[in-house]
file my_file_34.pdb (PDB, C-alpha atoms)
ATOM      1  CA  MET A   1       0.000   0.000   0.000
ATOM      2  CA  SER A   2       2.438   2.638  -1.212
ATOM      3  CA  GLU A   3      -0.111   5.151  -2.490
ATOM      4  CA  PHE A   4      -2.195   7.448  -0.335
ATOM      5  CA  PRO A   5      -5.563   5.814   0.344
ATOM      6  CA  GLN A   6      -8.243   7.776  -1.445
ATOM      7  CA  THR A   7     -11.118   9.218   0.521
ATOM      8  CA  ARG A   8     -14.252   7.800  -1.100
ATOM      9  CA  PHE A   9     -16.329  10.392  -2.919
ATOM     10  CA  SER A  10     -19.422   8.970  -1.263
ATOM     11  CA  LEU A  11     -17.899   9.770   2.147
ATOM     12  CA  ILE A  12     -17.004  13.281   0.963
ATOM     13  CA  ALA A  13     -20.567  13.782  -0.261
ATOM     14  CA  LYS A  14     -21.929  12.528   3.049
ATOM     15  CA  ILE A  15     -19.753  14.810   5.176
ATOM     16  CA  LYS A  16     -21.016  17.761   3.149
ATOM     17  CA  SER A  17     -24.288  17.058   4.893
ATOM     18  CA  LYS A  18     -23.750  18.343   8.427
ATOM     19  CA  GLU A  19     -26.570  16.083   9.622
ATOM     20  CA  ASP A  20     -24.846  12.828   8.620
ATOM     21  CA  LEU A  21     -23.107  12.151  11.930
ATOM     22  CA  ASP A  22     -22.065   8.619  10.927
ATOM     23  CA  ALA A  23     -20.104  10.001   7.973
ATOM     24  CA  TRP A  24     -18.436  12.570  10.216
ATOM     25  CA  ASP A  25     -17.601   9.844  12.727
ATOM     26  CA  GLN A  26     -15.932   7.812   9.946
ATOM     27  CA  PHE A  27     -14.039  10.850   8.696
ATOM     28  CA  VAL A  28     -12.843  11.768  12.196
ATOM     29  CA  LEU A  29     -11.872   8.153  12.920
ATOM     30  CA  ILE A  30      -9.612   8.142   9.867
ATOM     31  CA  TYR A  31      -8.084  11.615  10.003
ATOM     32  CA  ARG A  32      -7.961  12.626  13.702
ATOM     33  CA  PRO A  33      -4.949  10.402  14.486
ATOM     34  CA  VAL A  34      -3.256  11.390  11.221
ATOM     35  CA  VAL A  35      -3.379  15.134  11.919
ATOM     36  CA  TYR A  36      -2.552  14.563  15.596
ATOM     37  CA  ARG A  37       0.665  12.708  14.720
ATOM     38  CA  MET A  38       1.612  15.427  12.224
ATOM     39  CA  ALA A  39       1.204  18.065  14.939
ATOM     40  CA  ARG A  40       3.169  16.059  17.506
ATOM     41  CA  ARG A  41       5.951  15.553  14.993
ATOM     42  CA  ARG A  42       6.192  19.341  14.741
ATOM     43  CA  GLY A  43       6.933  19.531  18.474
ATOM     44  CA  MET A  44       3.464  20.291  19.804
ATOM     45  CA  GLN A  45       2.477  19.051  23.231
ATOM     46  CA  ASP A  46      -0.451  16.637  23.541
ATOM     47  CA  ALA A  47      -3.021  19.270  24.510
ATOM     48  CA  ASP A  48      -1.866  21.646  21.758
ATOM     49  CA  ALA A  49      -1.985  18.844  19.196
ATOM     50  CA  GLN A  50      -5.503  17.895  20.332
ATOM     51  CA  ASP A  51      -6.593  21.529  19.971
ATOM     52  CA  LEU A  52      -5.025  21.700  16.549
ATOM     53  CA  VAL A  53      -6.900  18.581  15.429
ATOM     54  CA  GLN A  54     -10.142  20.197  16.558
ATOM     55  CA  ASN A  55      -9.256  23.339  14.596
ATOM     56  CA  VAL A  56      -8.544  21.311  11.448
ATOM     57  CA  LEU A  57     -11.834  19.427  11.775
ATOM     58  CA  ILE A  58     -13.750  22.673  12.331
ATOM     59  CA  ARG A  59     -12.105  24.207   9.269
ATOM     60  CA  VAL A  60     -12.970  21.149   7.190
ATOM     61  CA  ALA A  61     -16.578  21.260   8.423
ATOM     62  CA  ASN A  62     -16.851  24.965   7.596
ATOM     63  CA  ALA A  63     -15.228  24.679   4.164
ATOM     64  CA  ILE A  64     -16.354  21.265   2.884
ATOM     65  CA  ASP A  65     -19.307  22.754   1.001
ATOM     66  CA  GLY A  66     -16.841  24.665  -1.167
ATOM     67  CA  TRP A  67     -14.764  21.647  -2.151
ATOM     68  CA  GLU A  68     -15.585  20.242  -5.546
ATOM     69  CA  LYS A  69     -13.830  17.861  -7.865
ATOM     70  CA  MET A  70     -13.753  20.050 -10.943
ATOM     71  CA  VAL A  71     -11.197  18.023 -12.900
ATOM     72  CA  PRO A  72      -9.949  14.439 -12.459
ATOM     73  CA  GLU A  73      -6.625  15.721 -11.076
ATOM     74  CA  THR A  74      -8.362  17.512  -8.217
ATOM     75  CA  LYS A  75      -7.779  15.430  -5.120
ATOM     76  CA  PHE A  76      -9.490  15.770  -1.768
ATOM     77  CA  ARG A  77      -6.228  14.893  -0.016
ATOM     78  CA  HIS A  78      -4.544  17.993  -1.502
ATOM     79  CA  TRP A  79      -7.291  20.192  -0.113
ATOM     80  CA  LEU A  80      -7.179  18.477   3.286
ATOM     81  CA  ARG A  81      -3.374  18.657   3.348
ATOM     82  CA  LYS A  82      -3.502  22.428   2.780
ATOM     83  CA  ILE A  83      -5.952  22.889   5.635
ATOM     84  CA  ALA A  84      -3.801  20.790   7.998
ATOM     85  CA  ARG A  85      -0.587  22.472   6.851
ATOM     86  CA  ASN A  86      -1.945  26.001   7.201
ATOM     87  CA  THR A  87      -3.444  25.250  10.613
ATOM     88  CA  ILE A  88      -0.154  23.781  11.860
ATOM     89  CA  LEU A  89       1.861  26.721  10.492
ATOM     90  CA  THR A  90      -0.532  29.204  12.062
ATOM     91  CA  ALA A  91      -0.320  27.424  15.425
ATOM     92  CA  LEU A  92       3.478  27.297  15.294
ATOM     93  CA  SER A  93       3.790  30.945  14.296
ATOM     94  CA  ARG A  94       1.588  32.041  17.226
ATOM     95  CA  ARG A  95       3.798  30.411  19.832
ATOM     96  CA  PRO A  96       5.689  32.714  22.176
ATOM     97  CA  LYS A  97       9.014  33.748  20.638
ATOM     98  CA  ASP A  98      11.049  32.519  23.625
ATOM     99  CA  VAL A  99       9.753  28.943  23.393
ATOM    100  CA  ALA A 100      12.234  26.671  21.653
ATOM    101  CA  VAL A 101      10.422  24.831  18.888
ATOM    102  CA  GLY A 102      13.299  24.206  16.532
ATOM    103  CA  GLY A 103      12.801  27.568  14.828
ATOM    104  CA  SER A 104      15.525  27.275  12.204
ATOM    105  CA  GLU A 105      14.529  23.681  11.540
ATOM    106  CA  ILE A 106      10.950  24.744  10.853
ATOM    107  CA  SER A 107      12.117  27.680   8.737
ATOM    108  CA  ASP A 108      14.324  25.372   6.707
ATOM    109  CA  LEU A 109      11.513  22.863   6.400
ATOM    110  CA  PHE A 110       9.189  25.394   4.789
ATOM    111  CA  ALA A 111      11.793  27.379   2.865
ATOM    112  CA  GLY A 112      10.623  25.976  -0.453
ATOM    113  CA  GLN A 113       6.829  26.039  -0.858
ATOM    114  CA  ALA A 114       6.790  23.113  -3.301
ATOM    115  CA  GLU A 115       9.032  21.035  -1.057
ATOM    116  CA  ALA A 116       6.884  21.815   1.975
ATOM    117  CA  GLU A 117       3.677  20.814   0.230
ATOM    118  CA  SER A 118       5.284  17.622  -1.014
ATOM    119  CA  LEU A 119       6.526  16.842   2.506
ATOM    120  CA  PHE A 120       3.066  17.404   4.010
ATOM    121  CA  GLU A 121       1.423  15.260   1.363
ATOM    122  CA  ARG A 122       3.871  12.408   1.964
ATOM    123  CA  GLU A 123       3.424  12.752   5.710
ATOM    124  CA  LEU A 124      -0.359  12.770   5.448
ATOM    125  CA  ALA A 125      -0.163   9.704   3.193
ATOM    126  CA  THR A 126       2.180   7.900   5.585
ATOM    127  CA  GLU A 127       0.090   8.705   8.642
ATOM    128  CA  THR A 128      -3.107   7.658   6.888
ATOM    129  CA  GLU A 129      -1.512   4.369   5.841
ATOM    130  CA  ARG A 130      -0.277   3.857   9.396
ATOM    131  CA  GLU A 131      -3.764   4.459  10.762
ATOM    132  CA  HIS A 132      -5.265   1.960   8.319
ATOM    133  CA  TYR A 133      -2.625  -0.601   9.320
ATOM    134  CA  LEU A 134      -3.211  -0.085  13.067
ATOM    135  CA  ARG A 135      -6.967  -0.428  12.688
ATOM    136  CA  ALA A 136      -6.646  -3.494  10.441
ATOM    137  CA  ALA A 137      -4.089  -5.069  12.783
ATOM    138  CA  ALA A 138      -6.439  -4.679  15.761
ATOM    139  CA  VAL A 139      -9.137  -6.600  13.870
ATOM    140  CA  VAL A 140      -6.856  -9.312  12.472
ATOM    141  CA  LYS A 141      -5.046  -9.889  15.772
ATOM    142  CA  LYS A 142      -8.369 -10.797  17.410
ATOM    143  CA  ALA A 143      -9.288 -13.112  14.527
ATOM    144  CA  VAL A 144      -6.141 -15.268  14.383
ATOM    145  CA  ASP A 145      -4.494 -17.705  16.744
ATOM    146  CA  PRO A 146      -2.031 -15.998  19.141
ATOM    147  CA  ASP A 147       0.847 -18.154  17.812
ATOM    148  CA  THR A 148       0.050 -17.066  14.263
ATOM    149  CA  TRP A 149       0.055 -13.400  15.279
ATOM    150  CA  GLN A 150       3.311 -13.869  17.197
ATOM    151  CA  ALA A 151       4.967 -15.386  14.122
ATOM    152  CA  PHE A 152       3.834 -12.405  12.056
ATOM    153  CA  GLU A 153       4.999  -9.829  14.615
ATOM    154  CA  LEU A 154       8.376 -11.437  15.130
ATOM    155  CA  THR A 155       9.136 -11.859  11.422
ATOM    156  CA  VAL A 156       7.472  -8.859   9.783
ATOM    157  CA  VAL A 157       7.215  -6.202  12.487
ATOM    158  CA  SER A 158      10.401  -7.008  14.415
ATOM    159  CA  GLY A 159      12.315  -8.238  11.362
ATOM    160  CA  HIS A 160      13.592 -11.541  12.752
ATOM    161  CA  ALA A 161      14.439 -14.353  10.348
ATOM    162  CA  CYS A 162      11.807 -17.087  10.001
ATOM    163  CA  GLU A 163      14.418 -19.700  10.901
ATOM    164  CA  ASP A 164      15.255 -17.922  14.182
ATOM    165  CA  VAL A 165      11.578 -17.485  15.077
ATOM    166  CA  ALA A 166      10.900 -21.158  14.345
ATOM    167  CA  LYS A 167      13.615 -22.166  16.817
ATOM    168  CA  THR A 168      12.389 -19.689  19.432
ATOM    169  CA  VAL A 169       8.745 -20.763  19.359
ATOM    170  CA  GLY A 170       9.386 -24.441  18.664
ATOM    171  CA  LYS A 171       7.631 -24.605  15.275
ATOM    172  CA  SER A 172       8.755 -25.573  11.803
ATOM    173  CA  VAL A 173      10.105 -22.933   9.466
ATOM    174  CA  GLY A 174       7.286 -23.751   7.035
ATOM    175  CA  SER A 175       4.630 -23.095   9.672
ATOM    176  CA  ILE A 176       6.204 -19.694  10.426
ATOM    177  CA  TYR A 177       6.135 -18.757   6.724
ATOM    178  CA  ALA A 178       2.528 -19.965   6.459
ATOM    179  CA  ALA A 179       1.426 -18.044   9.562
ATOM    180  CA  ARG A 180       3.111 -14.866   8.341
ATOM    181  CA  SER A 181       1.504 -15.231   4.933
ATOM    182  CA  ARG A 182      -1.990 -15.789   6.426
ATOM    183  CA  VAL A 183      -1.762 -12.681   8.583
ATOM    184  CA  MET A 184      -0.427 -10.529   5.745
ATOM    185  CA  ARG A 185      -3.254 -11.691   3.451
ATOM    186  CA  ARG A 186      -5.862 -10.915   6.116
ATOM    187  CA  LEU A 187      -4.305  -7.522   6.786
ATOM    188  CA  ARG A 188      -4.433  -6.646   3.079
ATOM    189  CA  GLU A 189      -8.085  -7.718   2.942
ATOM    190  CA  GLN A 190      -8.957  -5.711   6.060
ATOM    191  CA  ILE A 191      -7.134  -2.599   4.833
ATOM    192  CA  LEU A 192      -8.928  -2.849   1.485
ATOM    193  CA  TYR A 193     -12.230  -3.194   3.330
ATOM    194  CA  LEU A 194     -11.460  -0.139   5.478
ATOM    195  CA  GLU A 195     -10.507   1.919   2.422
ATOM    196  CA  GLU A 196     -13.565   0.878   0.414
ATOM    197  CA  SER A 197     -16.000   1.310   3.279
ATOM    198  CA  GLY A 198     -14.476   4.626   4.351
ATOM    199  CA  ARG A 199     -14.234   3.459   7.955
TER     200      ARG A 199
END
call {"tool": "encode", "arguments": {"input": "my_file_34.pdb", "output": "structure tokens"}}
result
Amino acid sequence: MSEFPQTRFSLIAKIKSKEDLDAWDQFVLIYRPVVYRMARRRGMQDADAQDLVQNVLIRVANAIDGWEKMVPETKFRHWLRKIARNTILTALSRRPKDVAVGGSEISDLFAGQAEAESLFERELATETEREHYLRAAAVVKKAVDPDTWQAFELTVVSGHACEDVAKTVGKSVGSIYAARSRVMRRLREQILYLEESGR
């Protein structure tokens, strides 16, 4: 899953209706943790990052009626990225001048507008992918045998060799490969389901 997961147009249409609380719940479930991690990565404290997320969601709610896909190249993620980026920059620029926030690092980061937008888009894509993985992993972990999940975690997440894991857990190398493969297949299926359902 190397490409940014697209926000379904049906979800976008639903969140345009302020009364569709289920759609807003789905949208918030997907993007709240993404924007929060972006803010924390910029050096914001937990409470400030939570406030920033609220500000981004309020801005999206207030501006969503104006978003339209006029040409095929128009992407919702670009619009959302700009809102998140501008809200983060505004919050960082309003901090007291004597608070160390990596000032030159932030200045360097946004020196080139095109580079900054590209960085934010990649970060938003990465954080969205991470959120999809975490949500899918929570579902799959409950659905598989604990030994199967352990084999997956040790080989894929922790990066241990299948042979070493097989010795550690007392299973055959083939069973470790099979367990890892089963979990990865289920994760792909769950992530696809999450993307398609907009959850």
call {"tool": "residues_around", "arguments": {"input": "my_file_34.pdb", "residues": "A:Ala23", "least_positions_apart": "6", "cutoff": "8 Å", "atoms": "only C-alpha atoms", "output": "PDB file with C-alpha atoms, in the frame of the given file"}}
result
ATOM      1  CA  LEU A  11     -17.899   9.770   2.147  1.00  0.00           C
ATOM      2  CA  LYS A  14     -21.929  12.528   3.049  1.00  0.00           C
ATOM      3  CA  ILE A  15     -19.753  14.810   5.176  1.00  0.00           C
TER       4      ILE A  15
END
call {"tool": "atom_distance", "arguments": {"input": "my_file_34.pdb", "atom1": "atom CA of A:His132", "atom2": "atom CA of A:Ser17"}}
result
24.5 Å
call {"tool": "residues_around", "arguments": {"input": "my_file_34.pdb", "residues": "stretch 157-164 of chain A", "least_positions_apart": "6", "cutoff": "8 Å", "atoms": "only C-alpha atoms", "output": "list in words"}}
result
Val173, Ile176 and Tyr177 of chain A
call {"tool": "closest_residue", "arguments": {"input": "my_file_34.pdb", "among": "A:Leu154, A:Ala136, A:Val56, A:Ala91", "to": "A:Val28", "atoms": "all atoms listed in the file"}}
result
A:Val56
call {"tool": "residues_around", "arguments": {"input": "my_file_34.pdb", "residues": "A:Ala137", "least_positions_apart": "4", "cutoff": "10 Å", "atoms": "all atoms listed in the file", "output": "ChimeraX atom specification"}}
result
/A:131-133,141-143,149,183-184,186-188,190-191
call {"tool": "residues_around", "arguments": {"input": "my_file_34.pdb", "residues": "A:Arg32", "least_positions_apart": "2", "cutoff": "10 Å", "atoms": "all atoms listed in the file", "output": "JSON, numbers by chain"}}
result
{"A": [27, 28, 29, 30, 34, 35, 36, 37, 50, 52, 53, 54, 56, 57, 128, 131]}
call {"tool": "closest_residue", "arguments": {"input": "my_file_34.pdb", "among": "A:Tyr193, A:Ser93, A:Leu134, A:Ala178", "to": "A:Met44", "atoms": "all atoms listed in the file"}}
result
A:Ser93
call {"tool": "atom_distance", "arguments": {"input": "my_file_34.pdb", "atom1": "atom CA of A:Ser181", "atom2": "atom CA of A:Val140"}}
result
12.7 Å
call {"tool": "closest_residue", "arguments": {"input": "my_file_34.pdb", "among": "A:Val144, A:Ile12, A:Leu21, A:Leu92", "to": "A:Leu80", "atoms": "all atoms listed in the file"}}
result
A:Ile12
call {"tool": "closest_residue", "arguments": {"input": "my_file_34.pdb", "among": "A:Asp65, A:Gln45, A:Glu129, A:Pro33", "to": "A:Leu192", "atoms": "only C-alpha atoms"}}
result
A:Glu129
call {"tool": "closest_residue", "arguments": {"input": "my_file_34.pdb", "among": "A:Gln150, A:Asp48, A:Gly43, A:Arg59", "to": "A:Lys82", "atoms": "only C-alpha atoms"}}
result
A:Arg59
